[in-house]
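Worksheet: one structure, shown below.
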Amino acid sequence: MATAIIFLQLAIVIALIFIGARVGSIGLGIYGMVGVFILVFIFGLKPGNLPIDVMLIIVSVITAAAALQAAGGLDYLVGLAAKFLRKHPDRITFYGPLTTWLFCLVAGTAHTSYSLLPIISEIAKNSKIRPERPMSVATISASLGITGSPVSAATAALIGADMLGGKGIELGDIMLVCIPASFIAILVASFVQNFVGKELEDDPEYQRRVREGILNPEEDAKMMAQMESHPNKHAKYSVIAFLIGVFLVVLFGSVPSLRPTYEVDGETIAVGMPEIIEILMMSIAAVILLVGKAKVGDAVKGNVFGAGMNAMVSIFGIAWMGDTFFNGNLAFFKEHIADIVTQYPFLFAVALFFMSIMLFSQAATVRTLYPLGIGLGISPLALVAMFPAVNGYFFIPNYPTEVAAINFDRTGTTRIGKYVLNHSFQLAGFITTFVSIGVGYLIITLFY
């Protein structure tokens with residue numbers, strides 16, 4: 001009877017996740033909260049841990065990024081990227097994905113890729129390279145950058161005191177494992193993608209669009225010129241301020257002895273990384289607005305701020321629902337799957353992958369499933385190596401970055417297939433996931 005109730009709860013949780021995903025925007029958060037209501041008021045479970053740190057980190061980081069956008073800093077970075085990529089057009093399949101990955105590592109959000117994807121597509125098209133090749137990996141790379149970024153909500157969730165941070169894992173450990181693992185995975189995926197699909201000029205869809213005059217070379221050249229325009233000097237100052245903030249986060253995360261301390265009942269306690277990220281990034285937002293001569297109102301109106309607030313609301317509901325369900329039934333999961341998962345840890349990575357498909361959020365997936373992995377006794381280092389598995393939401397091509405990439409590729413080579421799941425991002429997504437986890441395991445084996 002008890003088992004049937006647990007599976008009924010699971011069915012409700014999954015159903016609400018699908019409904020929330022279908023509604024979109026803050027729907028995940030709203031329907032996640034409906035799930036919390038049902039689990040608490042009807043099934044009598046104890047409310048799980050609120051993802052307060054994750055939500056506040058998102059607010060602080062997104063505020064800084066939104067200020068950067070308002071000051072013209074994002075446009076400045078995009079201009080630099082465009083100039084670099086145009087100097088090496090024949091290597092766009094490698095450099096394009098590495099650029100979106102680097103942007104995400106620095107900014108902590110995949111939404112920075114929206115500005116870069118059209119540049120990558122146009123450079124590939126103008127170089128007679130099938131845009132699908134760099135676009136597919138570049139889209140996946142943007143998400144992969146989150147699992148290694150010192151300022152991403154997912155990384156912050158992972159190093160929380162109630163997560164791996166309480167098991168001796170520091171920000172430096174995550175960066176040491178995940179950054180090289182992601183880098184190698186992107187190179188492997190880019191190499192493979194060079195052989196995917198017909199050459200651009202042989203692609204039927206591209207030929208049709210050329211015949212019908214949909215593609216206009218003169219307009220393309222004009223658009224690229226606009227993207228590479230020189231911003232004012234205040235934009236440069238805002239970028240410098242933002243990078244200083246990121247550097248300080250990395251510094252305090254990598255060297256715990258530098259963190260401020262305070263005393264409680266004679267015991268010296270260091271300030272935790274979630275609080276440090278929140279303090280630093282909100283303070284840097286003020287500096288960015290000051291040196292960038294930007295208006296606060298413009299920061300709030302930008303798409304970066306809106307996307308970040310959507311993510312916060314979604315995590316509020318969906319992660320709380322997941323935490324309530326798994327912690328409320330932790331004894332059941334320990335009894336039935338502890339031995340299997342402990343002997344075959346990769347099965348937990350599979351669970352992370354499929355949960356991320358439903359949650360559409362790395363941070364929410366971390367908050368939802370990692371407490372279960374910790375409770376089952378899986379090695380903390382193994383859980384770090386599995387971190388890239390939370391990027392599985394590429395599987396169904398309705399994540400915003402995928403939709404954007406399809407629309408930005410005006411040649412039509414980046415597409416959703418006839419059977420929906422046979423889309424342009426599937427191969428690159430699986431390659432980067434498998435390779436990054438494999439390299440991660442190799443790193444923890446050799447260096448820990």
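Chain labels run A, B, ... following the order of the structure tokens; each chain numbers its residues from 1, and ligands are numbered from 1 in the order shown.
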
Taking only C-alpha atoms into account, produce a table as a tab-separated table in which each residue of stretch 104-199 of chain A with an atom at most 8 Å from an atom of stretch 414-419 of chain A appears once, together with its shortest atom pair and the distance in Å to one decimal, ordered by chain and rising number.
```
residue	atom	partner	partner_atom	distance
A:Pro131	CA	A:Thr414	CA	6.9
A:Glu132	CA	A:Thr414	CA	4.5
A:Met135	CA	A:Thr414	CA	7.2
A:Ser136	CA	A:Thr414	CA	7.2
```

Which residues are close to A:Val291, i.e. within 8 Å by only C-alpha atoms, leaving aside same-chain residues fewer than 3 positions away? Reply as a list in words.
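Answer for this query is His234, Tyr237, Ser238, Val287, Ile288 and Ala294 of chain A.
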
I need the residues from that last selection saved to file as a short mmCIF file (atom, residue, chain, number, x, y, z; two decimals), in the first residue's frame (with C-alpha atoms), if you can.
```cif
data_model
loop_
_atom_site.label_atom_id
_atom_site.label_comp_id
_atom_site.auth_asym_id
_atom_site.auth_seq_id
_atom_site.Cartn_x
_atom_site.Cartn_y
_atom_site.Cartn_z
CA HIS A 234 31.64 53.11 -20.79
CA TYR A 237 34.36 49.78 -18.20
CA SER A 238 31.20 47.82 -17.38
CA VAL A 287 29.62 49.37 -9.89
CA ILE A 288 28.56 48.40 -13.42
CA ALA A 294 23.53 52.92 -17.29
#
```

Looking at A:Ala65, A:Val137, A:Ala124, A:Leu74, which one is nearest to A:Glu402, with distances taken over only C-alpha atoms?
A:Val137

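Proximity to A:Leu176 was assessed for A:Pro380, A:Pro150, A:Gly438, A:Gly272 counting only C-alpha atoms; the smallest distance is recorded for A:Pro150.
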
Please report the interatomic distance between atom CA of A:Ile129 and atom CA of A:Trp101 in Å with one decimal.
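Between atom CA of A:Ile129 and atom CA of A:Trp101 the gap is 20.5 Å.
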
When you look at A:Pro274 with a cut-off of 12 Å (counting only C-alpha atoms), what residues show up, excluding the ones that are within fewer than 5 positions of it in the same chain? I need them as a PyMOL selection string.
chain A and resi 51-61+150-163+165+170-171+249+252-253+259+279-281

The selected residues should be written to file as a PDB file, in the first residue's frame (atoms: C-alpha atoms).
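Contents of selection.pdb, as written:
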```
ATOM      1  CA  PRO A  51      16.023  26.524  -2.538  1.00  0.00           C
ATOM      2  CA  ILE A  52      16.575  29.972  -1.049  1.00  0.00           C
ATOM      3  CA  ASP A  53      20.324  30.180  -1.777  1.00  0.00           C
ATOM      4  CA  VAL A  54      19.839  29.185  -5.398  1.00  0.00           C
ATOM      5  CA  MET A  55      17.078  31.732  -5.872  1.00  0.00           C
ATOM      6  CA  LEU A  56      19.062  34.549  -4.269  1.00  0.00           C
ATOM      7  CA  ILE A  57      22.173  33.700  -6.281  1.00  0.00           C
ATOM      8  CA  ILE A  58      20.107  33.835  -9.458  1.00  0.00           C
ATOM      9  CA  VAL A  59      18.773  37.245  -8.416  1.00  0.00           C
ATOM     10  CA  SER A  60      22.255  38.598  -7.704  1.00  0.00           C
ATOM     11  CA  VAL A  61      23.991  37.188 -10.794  1.00  0.00           C
ATOM     12  CA  PRO A 150      31.710  29.809 -10.802  1.00  0.00           C
ATOM     13  CA  VAL A 151      28.675  32.096 -10.944  1.00  0.00           C
ATOM     14  CA  SER A 152      25.953  29.748 -12.258  1.00  0.00           C
ATOM     15  CA  ALA A 153      22.959  28.881 -10.111  1.00  0.00           C
ATOM     16  CA  ALA A 154      23.577  25.158 -10.668  1.00  0.00           C
ATOM     17  CA  THR A 155      27.159  25.349  -9.388  1.00  0.00           C
ATOM     18  CA  ALA A 156      26.045  27.445  -6.439  1.00  0.00           C
ATOM     19  CA  ALA A 157      23.397  24.874  -5.593  1.00  0.00           C
ATOM     20  CA  LEU A 158      25.966  22.092  -5.785  1.00  0.00           C
ATOM     21  CA  ILE A 159      28.386  23.707  -3.334  1.00  0.00           C
ATOM     22  CA  GLY A 160      25.698  24.657  -0.829  1.00  0.00           C
ATOM     23  CA  ALA A 161      26.228  23.641   2.790  1.00  0.00           C
ATOM     24  CA  ASP A 162      23.384  21.114   2.535  1.00  0.00           C
ATOM     25  CA  MET A 163      24.796  19.668  -0.696  1.00  0.00           C
ATOM     26  CA  GLY A 165      29.732  21.780   0.149  1.00  0.00           C
ATOM     27  CA  GLU A 170      34.797  23.293  -2.910  1.00  0.00           C
ATOM     28  CA  LEU A 171      34.185  25.477  -5.952  1.00  0.00           C
ATOM     29  CA  VAL A 249      33.992  34.851  -6.942  1.00  0.00           C
ATOM     30  CA  PHE A 252      37.110  33.273  -2.816  1.00  0.00           C
ATOM     31  CA  GLY A 253      35.715  29.971  -4.067  1.00  0.00           C
ATOM     32  CA  ARG A 259      36.760  34.284   2.958  1.00  0.00           C
ATOM     33  CA  ILE A 279      27.179  40.005  -1.848  1.00  0.00           C
ATOM     34  CA  LEU A 280      29.795  40.333  -4.586  1.00  0.00           C
ATOM     35  CA  MET A 281      27.521  40.205  -7.617  1.00  0.00           C
TER      36      MET A 281
END
```

If DSSP is run on the backbone, what residues of stretch 261-307 of chain A are strand (DSSP E)? A reply as a PyMOL selection string would be ideal.
chain A and resi 261-264+267-270

Which of these residues is nearest to A:Leu50, using only C-alpha atoms: A:Phe247, A:Phe305, A:Phe316, A:Phe395?
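Of A:Phe247, A:Phe305, A:Phe316, A:Phe395, the one nearest A:Leu50 is A:Phe316, counting only C-alpha atoms.
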
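Comparing A:Leu290, A:Ile120, A:Ile5, A:Val304 by their smallest distance to A:Leu45, the closest is A:Ile5 (using only C-alpha atoms).
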
In stretch 99-212 of chain A, DSSP helix (DSSP H, G or I) residues written as a count of residues only
83

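Residues in contact with A:Pro204 at up to 10 Å, not including ones fewer than 6 positions away on its chain and judged by only C-alpha atoms, are Lys198, Val210, Thr411, Gly412 and Thr413 of chain A.
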
For A:Ala71: contacts at 12 Å, only C-alpha atoms, fewer than 2 positions along chain excluded, given as a ChimeraX atom specification
/A:64-69,73-77,231-242,285-300,302

Would you mind telling me which residue in A:Arg211, A:Arg91, A:Arg410, A:Lys46 lies nearest to A:Leu117 when using only C-alpha atoms?
A:Arg410

Test item: residues at most 12 Å from A:Phe332, only C-alpha atoms, excluding those fewer than 4 positions along its chain, as a PyMOL selection string
chain A and resi 2-7+325-328+336-338+372+375-376

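Atom CA of A:Ser182 is positioned 5.2 Å from atom CA of A:Ser436.
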